[in-house]
>>> print(open('work_3.cif').read())   # mmCIF, C-alpha atoms
data_structure
#
loop_
_atom_site.group_PDB
_atom_site.id
_atom_site.type_symbol
_atom_site.label_atom_id
_atom_site.label_comp_id
_atom_site.auth_asym_id
_atom_site.auth_seq_id
_atom_site.Cartn_x
_atom_site.Cartn_y
_atom_site.Cartn_z
ATOM 1 C CA MET A 1 64.699 99.491 73.601
ATOM 2 C CA LYS A 2 65.172 95.741 73.113
ATOM 3 C CA SER A 3 63.895 95.970 69.550
ATOM 4 C CA VAL A 4 66.343 98.780 68.784
ATOM 5 C CA LEU A 5 69.370 97.025 70.306
ATOM 6 C CA GLY A 6 68.344 93.774 68.632
ATOM 7 C CA ASP A 7 68.696 95.325 65.168
ATOM 8 C CA ARG A 8 72.229 94.732 63.851
ATOM 9 C CA LYS A 9 72.064 97.692 61.480
ATOM 10 C CA THR A 10 71.137 99.995 64.354
ATOM 11 C CA ILE A 11 73.971 98.655 66.497
ATOM 12 C CA LEU A 12 76.430 99.145 63.631
ATOM 13 C CA LEU A 13 75.149 102.685 63.056
ATOM 14 C CA LEU A 14 75.582 103.545 66.740
ATOM 15 C CA LEU A 15 79.069 102.051 66.937
ATOM 16 C CA LEU A 16 80.297 103.390 63.590
ATOM 17 C CA PRO A 17 81.464 106.862 64.816
ATOM 18 C CA ALA A 18 83.454 105.335 67.661
ATOM 19 C CA LEU A 19 84.932 102.684 65.365
ATOM 20 C CA VAL A 20 85.958 105.315 62.811
ATOM 21 C CA ILE A 21 87.647 107.463 65.469
ATOM 22 C CA TYR A 22 89.381 104.443 67.021
ATOM 23 C CA THR A 23 90.594 103.318 63.605
ATOM 24 C CA LEU A 24 91.968 106.754 62.719
ATOM 25 C CA ILE A 25 93.795 107.397 65.986
ATOM 26 C CA THR A 26 94.912 103.842 66.830
ATOM 27 C CA ILE A 27 94.769 101.293 64.017
ATOM 28 C CA VAL A 28 96.044 103.547 61.201
ATOM 29 C CA PRO A 29 99.111 104.815 63.167
ATOM 30 C CA VAL A 30 99.982 101.247 64.180
ATOM 31 C CA LEU A 31 99.812 100.039 60.571
ATOM 32 C CA TRP A 32 101.703 103.123 59.382
ATOM 33 C CA SER A 33 104.437 102.499 61.971
ATOM 34 C CA PHE A 34 104.684 98.856 60.917
ATOM 35 C CA GLY A 35 105.024 99.917 57.278
ATOM 36 C CA LEU A 36 107.876 102.279 58.189
ATOM 37 C CA THR A 37 109.935 99.342 59.470
ATOM 38 C CA PHE A 38 110.710 98.514 55.827
ATOM 39 C CA PHE A 39 112.017 102.025 55.090
ATOM 40 C CA THR A 40 114.766 104.340 56.254
ATOM 41 C CA GLY A 41 114.825 108.134 56.356
ATOM 42 C CA SER A 42 112.556 110.902 57.612
ATOM 43 C CA ILE A 43 109.739 113.150 56.431
ATOM 44 C CA LEU A 44 112.156 115.947 55.489
ATOM 45 C CA GLU A 45 114.765 113.781 53.765
ATOM 46 C CA GLY A 46 112.341 111.299 52.251
ATOM 47 C CA PHE A 47 112.039 107.559 52.713
ATOM 48 C CA GLU A 48 113.939 104.798 50.980
ATOM 49 C CA PHE A 49 112.739 101.200 50.867
ATOM 50 C CA THR A 50 115.316 98.929 52.523
ATOM 51 C CA GLY A 51 113.390 95.676 53.020
ATOM 52 C CA ILE A 52 114.301 93.837 56.198
ATOM 53 C CA SER A 53 117.574 95.693 56.769
ATOM 54 C CA ASN A 54 116.135 97.401 59.859
ATOM 55 C CA PHE A 55 115.420 93.995 61.402
ATOM 56 C CA THR A 56 118.914 92.665 60.644
ATOM 57 C CA ARG A 57 120.360 95.853 62.107
ATOM 58 C CA LEU A 58 118.185 95.387 65.188
ATOM 59 C CA PHE A 59 119.673 91.994 66.059
ATOM 60 C CA SER A 60 123.236 93.283 65.713
ATOM 61 C CA ASP A 61 122.755 96.578 67.569
ATOM 62 C CA SER A 62 124.466 96.438 70.979
ATOM 63 C CA TYR A 63 122.568 99.556 72.119
ATOM 64 C CA VAL A 64 119.262 97.764 71.524
ATOM 65 C CA ALA A 65 120.493 94.799 73.558
ATOM 66 C CA ASP A 66 121.483 97.064 76.467
ATOM 67 C CA ALA A 67 118.177 98.949 76.311
ATOM 68 C CA PHE A 68 116.249 95.666 76.090
ATOM 69 C CA TRP A 69 117.868 94.169 79.197
ATOM 70 C CA PHE A 70 117.469 97.411 81.137
ATOM 71 C CA THR A 71 113.763 97.455 80.218
ATOM 72 C CA ILE A 72 113.285 93.810 81.235
ATOM 73 C CA ARG A 73 115.093 94.214 84.574
ATOM 74 C CA TYR A 74 113.295 97.431 85.354
ATOM 75 C CA ALA A 75 109.864 96.072 84.375
ATOM 76 C CA LEU A 76 110.152 92.843 86.377
ATOM 77 C CA LEU A 77 111.576 94.434 89.523
ATOM 78 C CA THR A 78 109.284 97.452 89.520
ATOM 79 C CA THR A 79 106.189 95.365 88.810
ATOM 80 C CA LEU A 80 107.045 93.014 91.667
ATOM 81 C CA PHE A 81 107.410 95.836 94.176
ATOM 82 C CA GLN A 82 104.424 97.795 92.877
ATOM 83 C CA VAL A 83 101.994 94.888 93.110
ATOM 84 C CA VAL A 84 103.340 93.450 96.379
ATOM 85 C CA LEU A 85 103.469 96.844 98.077
ATOM 86 C CA GLY A 86 100.039 97.744 96.684
ATOM 87 C CA PHE A 87 98.647 94.465 98.032
ATOM 88 C CA GLY A 88 100.176 95.178 101.438
ATOM 89 C CA LEU A 89 98.682 98.663 101.493
ATOM 90 C CA ALA A 90 95.281 97.283 100.489
ATOM 91 C CA LEU A 91 95.384 94.756 103.338
ATOM 92 C CA LEU A 92 96.314 97.573 105.713
ATOM 93 C CA TYR A 93 93.436 99.737 104.497
ATOM 94 C CA HIS A 94 90.819 96.989 104.592
ATOM 95 C CA PHE A 95 91.659 94.897 107.654
ATOM 96 C CA VAL A 96 93.612 97.222 109.953
ATOM 97 C CA LEU A 97 92.672 100.860 109.399
ATOM 98 C CA ARG A 98 89.195 100.170 108.007
ATOM 99 C CA ARG A 99 87.088 103.371 107.968
ATOM 100 C CA SER A 100 89.947 105.490 109.302
ATOM 101 C CA SER A 101 92.031 104.669 106.212
ATOM 102 C CA VAL A 102 90.653 107.566 104.153
ATOM 103 C CA ILE A 103 93.361 110.029 105.194
ATOM 104 C CA VAL A 104 96.143 107.469 104.784
ATOM 105 C CA ARG A 105 94.839 106.449 101.353
ATOM 106 C CA THR A 106 94.775 110.100 100.288
ATOM 107 C CA LEU A 107 98.328 110.762 101.458
ATOM 108 C CA VAL A 108 99.737 107.598 99.881
ATOM 109 C CA PHE A 109 97.884 108.262 96.620
ATOM 110 C CA PHE A 110 99.099 111.882 96.415
ATOM 111 C CA PRO A 111 102.396 111.125 94.563
ATOM 112 C CA VAL A 112 100.368 109.546 91.736
ATOM 113 C CA VAL A 113 98.990 112.947 90.697
ATOM 114 C CA LEU A 114 102.297 114.818 90.967
ATOM 115 C CA PRO A 115 104.057 115.786 87.706
ATOM 116 C CA THR A 116 106.818 113.382 86.744
ATOM 117 C CA VAL A 117 109.284 116.240 86.250
ATOM 118 C CA ALA A 118 108.676 117.456 89.805
ATOM 119 C CA ILE A 119 109.243 113.956 91.186
ATOM 120 C CA GLY A 120 112.419 113.602 89.102
ATOM 121 C CA ILE A 121 113.811 116.866 90.468
ATOM 122 C CA LEU A 122 112.878 115.817 94.006
ATOM 123 C CA TYR A 123 114.790 112.540 93.713
ATOM 124 C CA GLN A 124 117.735 114.262 92.071
ATOM 125 C CA LYS A 125 118.009 116.439 95.180
ATOM 126 C CA LEU A 126 117.470 113.525 97.564
ATOM 127 C CA PHE A 127 120.214 111.388 95.976
ATOM 128 C CA GLN A 128 122.541 114.224 94.970
ATOM 129 C CA SER A 129 126.268 113.732 95.541
ATOM 130 C CA ALA A 130 127.818 116.824 93.966
ATOM 131 C CA PRO A 131 128.389 119.666 94.510
ATOM 132 C CA ASN A 132 126.511 119.105 97.801
ATOM 133 C CA ASP A 133 125.300 115.858 99.277
ATOM 134 C CA GLY A 134 121.574 115.207 99.224
ATOM 135 C CA LEU A 135 119.517 113.945 102.151
ATOM 136 C CA VAL A 136 120.319 110.269 101.498
ATOM 137 C CA ASN A 137 124.080 110.829 101.449
ATOM 138 C CA GLU A 138 123.837 113.066 104.511
ATOM 139 C CA LEU A 139 122.173 110.214 106.391
ATOM 140 C CA LEU A 140 124.838 107.761 105.222
ATOM 141 C CA VAL A 141 127.630 110.055 106.404
ATOM 142 C CA ASN A 142 125.906 110.637 109.761
ATOM 143 C CA VAL A 143 125.843 106.882 110.471
ATOM 144 C CA GLY A 144 129.517 106.494 109.597
ATOM 145 C CA LEU A 145 129.198 105.326 105.974
ATOM 146 C CA SER A 146 130.709 106.948 102.902
ATOM 147 C CA ASN A 147 128.551 108.850 100.455
ATOM 148 C CA ILE A 148 127.592 107.263 97.137
ATOM 149 C CA ASP A 149 127.433 108.792 93.677
ATOM 150 C CA TRP A 150 123.910 107.482 93.165
ATOM 151 C CA LEU A 151 123.196 109.016 89.769
ATOM 152 C CA GLY A 152 126.765 108.823 88.476
ATOM 153 C CA ASP A 153 126.855 105.035 88.240
ATOM 154 C CA GLY A 154 124.504 102.914 86.150
ATOM 155 C CA SER A 155 123.802 100.267 88.803
ATOM 156 C CA THR A 156 122.936 102.735 91.564
ATOM 157 C CA ALA A 157 121.004 104.974 89.164
ATOM 158 C CA PHE A 158 118.913 101.925 88.267
ATOM 159 C CA ILE A 159 118.090 101.434 91.955
ATOM 160 C CA VAL A 160 117.050 105.073 92.332
ATOM 161 C CA ILE A 161 114.752 104.850 89.304
ATOM 162 C CA VAL A 162 113.035 101.751 90.708
ATOM 163 C CA ILE A 163 112.632 103.352 94.148
ATOM 164 C CA MET A 164 111.199 106.517 92.630
ATOM 165 C CA ASP A 165 108.663 104.757 90.412
ATOM 166 C CA VAL A 166 107.554 102.351 93.158
ATOM 167 C CA TRP A 167 107.115 105.272 95.562
ATOM 168 C CA ARG A 168 105.028 107.319 93.190
ATOM 169 C CA SER A 169 102.802 104.453 91.969
ATOM 170 C CA ALA A 170 102.274 102.380 95.127
ATOM 171 C CA GLY A 171 99.226 104.439 96.072
ATOM 172 C CA PHE A 172 97.526 103.662 92.768
ATOM 173 C CA TYR A 173 98.001 99.904 93.112
ATOM 174 C CA GLY A 174 96.974 100.099 96.758
ATOM 175 C CA ILE A 175 93.647 101.615 95.744
ATOM 176 C CA LEU A 176 93.267 99.204 92.816
ATOM 177 C CA VAL A 177 93.743 96.099 94.969
ATOM 178 C CA PHE A 178 91.709 97.642 97.793
ATOM 179 C CA SER A 179 88.735 97.890 95.444
ATOM 180 C CA GLY A 180 89.099 94.150 94.793
ATOM 181 C CA LEU A 181 89.228 93.336 98.494
ATOM 182 C CA LEU A 182 85.946 95.165 98.996
ATOM 183 C CA ASP A 183 84.260 92.560 96.776
ATOM 184 C CA ILE A 184 85.195 89.731 99.154
ATOM 185 C CA PRO A 185 82.011 88.947 101.131
ATOM 186 C CA ASP A 186 82.374 89.704 104.830
ATOM 187 C CA GLU A 187 80.318 86.589 105.604
ATOM 188 C CA ILE A 188 83.035 84.312 104.221
ATOM 189 C CA VAL A 189 85.748 85.984 106.282
ATOM 190 C CA GLU A 190 83.666 85.941 109.458
ATOM 191 C CA SER A 191 82.705 82.293 108.946
ATOM 192 C CA ALA A 192 86.350 81.341 108.591
ATOM 193 C CA ARG A 193 87.206 83.217 111.776
ATOM 194 C CA LEU A 194 84.385 81.470 113.658
ATOM 195 C CA ASP A 195 85.737 78.138 112.426
ATOM 196 C CA GLY A 196 89.054 78.971 114.064
ATOM 197 C CA ALA A 197 91.072 80.224 111.088
ATOM 198 C CA LYS A 198 94.062 82.263 112.216
ATOM 199 C CA SER A 199 95.378 85.330 110.405
ATOM 200 C CA PHE A 200 97.875 83.461 108.216
ATOM 201 C CA SER A 201 95.404 80.706 107.275
ATOM 202 C CA LEU A 202 92.743 83.302 106.555
ATOM 203 C CA PHE A 203 95.142 85.133 104.250
ATOM 204 C CA ARG A 204 96.473 82.012 102.518
ATOM 205 C CA TYR A 205 93.228 80.138 101.870
ATOM 206 C CA ILE A 206 90.638 82.914 101.495
ATOM 207 C CA ILE A 207 92.023 86.423 100.998
ATOM 208 C CA LEU A 208 94.829 85.575 98.565
ATOM 209 C CA PRO A 209 92.852 83.192 96.287
ATOM 210 C CA MET A 210 89.911 85.591 96.080
ATOM 211 C CA SER A 211 92.289 88.486 95.349
ATOM 212 C CA LEU A 212 93.976 86.775 92.386
ATOM 213 C CA PRO A 213 91.774 88.386 89.676
ATOM 214 C CA ILE A 214 92.572 91.924 90.832
ATOM 215 C CA LEU A 215 96.228 91.002 91.370
ATOM 216 C CA PHE A 216 96.487 89.707 87.798
ATOM 217 C CA ALA A 217 94.846 92.900 86.557
ATOM 218 C CA SER A 218 97.364 94.931 88.577
ATOM 219 C CA MET A 219 100.218 92.936 87.069
ATOM 220 C CA ILE A 220 98.955 93.659 83.552
ATOM 221 C CA PHE A 221 98.657 97.375 84.323
ATOM 222 C CA SER A 222 102.095 97.463 85.899
ATOM 223 C CA ILE A 223 104.096 95.359 83.437
ATOM 224 C CA ASN A 224 102.693 97.164 80.406
ATOM 225 C CA GLY A 225 103.376 100.530 82.016
ATOM 226 C CA THR A 226 106.907 99.665 83.112
ATOM 227 C CA ILE A 227 107.874 98.182 79.748
ATOM 228 C CA LYS A 228 106.893 101.524 78.198
ATOM 229 C CA VAL A 229 108.704 103.617 80.822
ATOM 230 C CA PHE A 230 110.002 106.914 79.489
ATOM 231 C CA ASP A 231 109.056 110.023 81.428
ATOM 232 C CA SER A 232 110.505 109.071 84.829
ATOM 233 C CA VAL A 233 113.857 107.974 83.361
ATOM 234 C CA PHE A 234 113.989 111.053 81.153
ATOM 235 C CA ALA A 235 113.262 113.353 84.115
ATOM 236 C CA LEU A 236 115.699 111.690 86.537
ATOM 237 C CA THR A 237 118.752 110.551 84.563
ATOM 238 C CA GLY A 238 118.058 111.343 80.905
ATOM 239 C CA GLY A 239 119.146 107.778 80.126
ATOM 240 C CA GLY A 240 122.594 108.236 81.662
ATOM 241 C CA PRO A 241 125.242 107.965 82.750
ATOM 242 C CA GLY A 242 126.086 107.084 79.173
ATOM 243 C CA ASN A 243 123.371 104.707 78.011
ATOM 244 C CA SER A 244 123.243 102.644 81.205
ATOM 245 C CA THR A 245 119.665 103.641 82.101
ATOM 246 C CA THR A 246 118.256 103.968 78.591
ATOM 247 C CA PRO A 247 115.055 101.936 78.072
ATOM 248 C CA LEU A 248 113.769 100.864 74.672
ATOM 249 C CA THR A 249 111.282 103.740 74.603
ATOM 250 C CA MET A 250 114.030 106.340 75.001
ATOM 251 C CA TYR A 251 116.230 104.615 72.431
ATOM 252 C CA MET A 252 113.260 104.635 70.048
ATOM 253 C CA TYR A 253 112.683 108.345 70.755
ATOM 254 C CA ARG A 254 116.317 109.253 70.109
ATOM 255 C CA THR A 255 116.482 107.181 66.940
ATOM 256 C CA ALA A 256 113.297 108.564 65.429
ATOM 257 C CA PHE A 257 113.212 112.179 66.592
ATOM 258 C CA GLN A 258 116.815 113.111 67.342
ATOM 259 C CA PHE A 259 118.554 111.166 64.564
ATOM 260 C CA SER A 260 115.553 111.322 62.164
ATOM 261 C CA ASP A 261 115.592 107.597 61.379
ATOM 262 C CA PHE A 262 111.875 106.883 61.546
ATOM 263 C CA GLY A 263 112.179 103.452 59.971
ATOM 264 C CA TYR A 264 114.564 102.067 62.574
ATOM 265 C CA GLY A 265 112.666 103.848 65.352
ATOM 266 C CA SER A 266 109.480 102.133 64.180
ATOM 267 C CA THR A 267 111.302 98.795 64.274
ATOM 268 C CA VAL A 268 112.213 99.367 67.923
ATOM 269 C CA ALA A 269 108.588 100.377 68.575
ATOM 270 C CA LEU A 270 107.466 97.084 67.040
ATOM 271 C CA VAL A 271 109.669 95.210 69.501
ATOM 272 C CA LEU A 272 107.987 97.079 72.364
ATOM 273 C CA THR A 273 104.541 96.230 71.012
ATOM 274 C CA ILE A 274 105.394 92.537 70.749
ATOM 275 C CA MET A 275 106.811 92.554 74.282
ATOM 276 C CA CYS A 276 103.619 94.077 75.729
ATOM 277 C CA LEU A 277 101.464 91.618 73.773
ATOM 278 C CA LEU A 278 103.453 88.563 74.868
ATOM 279 C CA VAL A 279 103.495 89.602 78.523
ATOM 280 C CA THR A 280 99.742 90.228 78.516
ATOM 281 C CA LEU A 281 99.075 86.846 76.898
ATOM 282 C CA VAL A 282 101.262 85.050 79.432
ATOM 283 C CA ILE A 283 99.489 86.712 82.360
ATOM 284 C CA PHE A 284 96.042 85.996 80.912
ATOM 285 C CA ARG A 285 96.924 82.329 80.344
ATOM 286 C CA SER A 286 98.232 82.046 83.904
ATOM 287 C CA SER A 287 95.072 83.674 85.220
ATOM 288 C CA ARG A 288 92.813 81.292 83.261
ATOM 289 C CA ARG A 289 94.835 78.274 84.405
ATOM 290 C CA ASP A 290 94.493 79.333 88.063
ATOM 291 C CA ASN A 291 90.769 79.878 87.697
ATOM 292 C CA THR A 292 90.239 76.398 86.235
ATOM 293 C CA VAL A 293 92.206 74.556 88.906
#
>>> encode(input="work_3.cif", output="structure tokens")
Amino acid sequence: MKSVLGDRKTILLLLLPALVIYTLITIVPVLWSFGLTFFTGSILEGFEFTGISNFTRLFSDSYVADAFWFTIRYALLTTLFQVVLGFGLALLYHFVLRRSSVIVRTLVFFPVVLPTVAIGILYQKLFQSAPNDGLVNELLVNVGLSNIDWLGDGSTAFIVIVIMDVWRSAGFYGILVFSGLLDIPDEIVESARLDGAKSFSLFRYIILPMSLPILFASMIFSINGTIKVFDSVFALTGGGPGNSTTPLTMYMYRTAFQFSDFGYGSTVALVLTIMCLLVTLVIFRSSRRDNTV
């Protein structure tokens, strides 16, 4: 076996099918999309070379600016709540519930496997204001407050989207961080307790530092997923009211597939790719800096 794996030609031969498939389904579409940024038009109408006009249009497009800031706000806020809540759930599973956490983990993880459309309809009913109030508005009225048009205003619709996505993904990040906590040796925790470490000191000086690798991994998962949000917004608000909850992904979709401008849609997609790359690099650099301190 060692002689086979030590032969570079054999390794290349074994990896070649996977490399070919990866190139065809990933690298080629990325390069093709990048090439389209210098054109305008569609497959049916044909393409016309326009140089960097799509990029100049990008920096003067107010809709792109609105979609960009919505995406940034949504990604930062949702990532914060997803990772923090997931970390809290993991601590609950590992240090409080212990072996009896199986049922709780299953129930909390259940929304992760539900279809996004079903969750969108559920939250539309929960936060409905017309023609009949949903459960949330009914509770507000019962405690003496006025009902709110949650999905009819951009600011409140943004809050509902964040709540919905945190609710449905918290179970995933709870399990992800919980798997990292299982790698912390019990001997270290018990030794700290025998030395008189209280709960807060144990968390601050042992649990949190040793959980940083899995927390950074969770942040990368979350921020890249939230930057590319599409399905939950599409199912809940459709990008409305107006364009107030339209992320870059939905603006790209409308531009390319509804208005048949594949060149400009590819330019917006390039912005998304650069955003994901920059965020990942920043998190990796922060992780390496913390590990070398």
>>> atom_distance(input="work_3.cif", atom1="atom CA of Asp165 of chain A", atom2="atom CA of Thr78 of chain A")
7.4 Å
>>> residues_around(input="work_3.cif", residues="segment 194-207 of chain A", least_positions_apart="6", cutoff="10 Å", atoms="all atoms listed in the file", output="compact mmCIF listing (two decimals) with C-alpha atoms, in the frame of the given file")
# COMPACT_ATOMS: atom_id res chain seq x y z
CA LEU A 91 95.38 94.76 103.34
CA LEU A 181 89.23 93.34 98.49
CA ILE A 184 85.20 89.73 99.15
CA ILE A 188 83.04 84.31 104.22
>>> resolve_selection(input="work_3.cif", expression="the PyMOL selection byres ((chain A and resi 126) around 10)", output="number ranges by chain")
A: 120-125, 127-129, 133-138, 150, 160
>>> closest_residue(input="work_3.cif", among="A:Phe257, A:Tyr251, A:Phe221, A:Phe110", to="Ala269 of chain A", atoms="all atoms listed in the file")
A:Tyr251
>>> residues_around(input="work_3.cif", residues="segment 55-62 of chain A", least_positions_apart="5", cutoff="12 Å", atoms="all atoms listed in the file", output="tab-separated table (two decimals) with C-alpha atoms, keeping the file's coordinate frame")
chain	number	residue	atom	x	y	z
A	34	PHE	CA	104.68	98.86	60.92
A	36	LEU	CA	107.88	102.28	58.19
A	37	THR	CA	109.94	99.34	59.47
A	38	PHE	CA	110.71	98.51	55.83
A	39	PHE	CA	112.02	102.02	55.09
A	40	THR	CA	114.77	104.34	56.25
A	50	THR	CA	115.32	98.93	52.52
A	67	ALA	CA	118.18	98.95	76.31
A	68	PHE	CA	116.25	95.67	76.09
A	69	TRP	CA	117.87	94.17	79.20
A	243	ASN	CA	123.37	104.71	78.01
A	248	LEU	CA	113.77	100.86	74.67
A	251	TYR	CA	116.23	104.62	72.43
A	252	MET	CA	113.26	104.64	70.05
A	263	GLY	CA	112.18	103.45	59.97
A	264	TYR	CA	114.56	102.07	62.57
A	265	GLY	CA	112.67	103.85	65.35
A	266	SER	CA	109.48	102.13	64.18
A	267	THR	CA	111.30	98.80	64.27
A	268	VAL	CA	112.21	99.37	67.92
A	269	ALA	CA	108.59	100.38	68.58
A	270	LEU	CA	107.47	97.08	67.04
A	271	VAL	CA	109.67	95.21	69.50
>>> resolve_selection(input="work_3.cif", expression="the PyMOL selection byres ((chain A and resi 175-179) around 9)", output="PyMOL selection string")
chain A and resi 83+86-87+89-91+93-94+105+109+170-174+180-183+211+214-215+218
>>> atom_distance(input="work_3.cif", atom1="atom CA of Gly51 of chain A", atom2="atom CA of Ile25 of chain A")
26.3 Å
>>> resolve_selection(input="work_3.cif", expression="the PyMOL selection byres ((chain A and resi 231) around 10)", output="list in words")
Pro115, Thr116, Val117, Gly120, Lys228, Val229, Phe230, Ser232, Val233, Phe234, Ala235, Leu236, Gly238, Thr249 and Met250 of chain A
>>> atom_distance(input="work_3.cif", atom1="atom CA of Ile223 of chain A", atom2="atom CA of Leu272 of chain A")
11.9 Å
>>> residues_around(input="work_3.cif", residues="segment 275-285 of chain A", least_positions_apart="3", cutoff="8 Å", atoms="all atoms listed in the file", output="list of chain:residue names")
A:Phe216, A:Met219, A:Ile220, A:Ile223, A:Asn224, A:Ile227, A:Val271, A:Leu272, A:Arg288, A:Arg289
>>> closest_residue(input="work_3.cif", among="A:Tyr63, A:Val108, A:Thr245, A:Leu97", to="Leu151 of chain A", atoms="all atoms listed in the file")
A:Thr245
>>> closest_residue(input="work_3.cif", among="A:Ser53, A:Gln82, A:Thr10, A:Asn132", to="Met164 of chain A", atoms="all atoms listed in the file")
A:Gln82
>>> residues_around(input="work_3.cif", residues="Ser244 of chain A", least_positions_apart="2", cutoff="10 Å", atoms="all atoms listed in the file", output="list in words")
Tyr63, Asp66, Ala67, Phe70, Asp153, Gly154, Ser155, Ala157, Phe158, Thr237, Gly239, Gly240, Pro241, Gly242, Thr246 and Pro247 of chain A
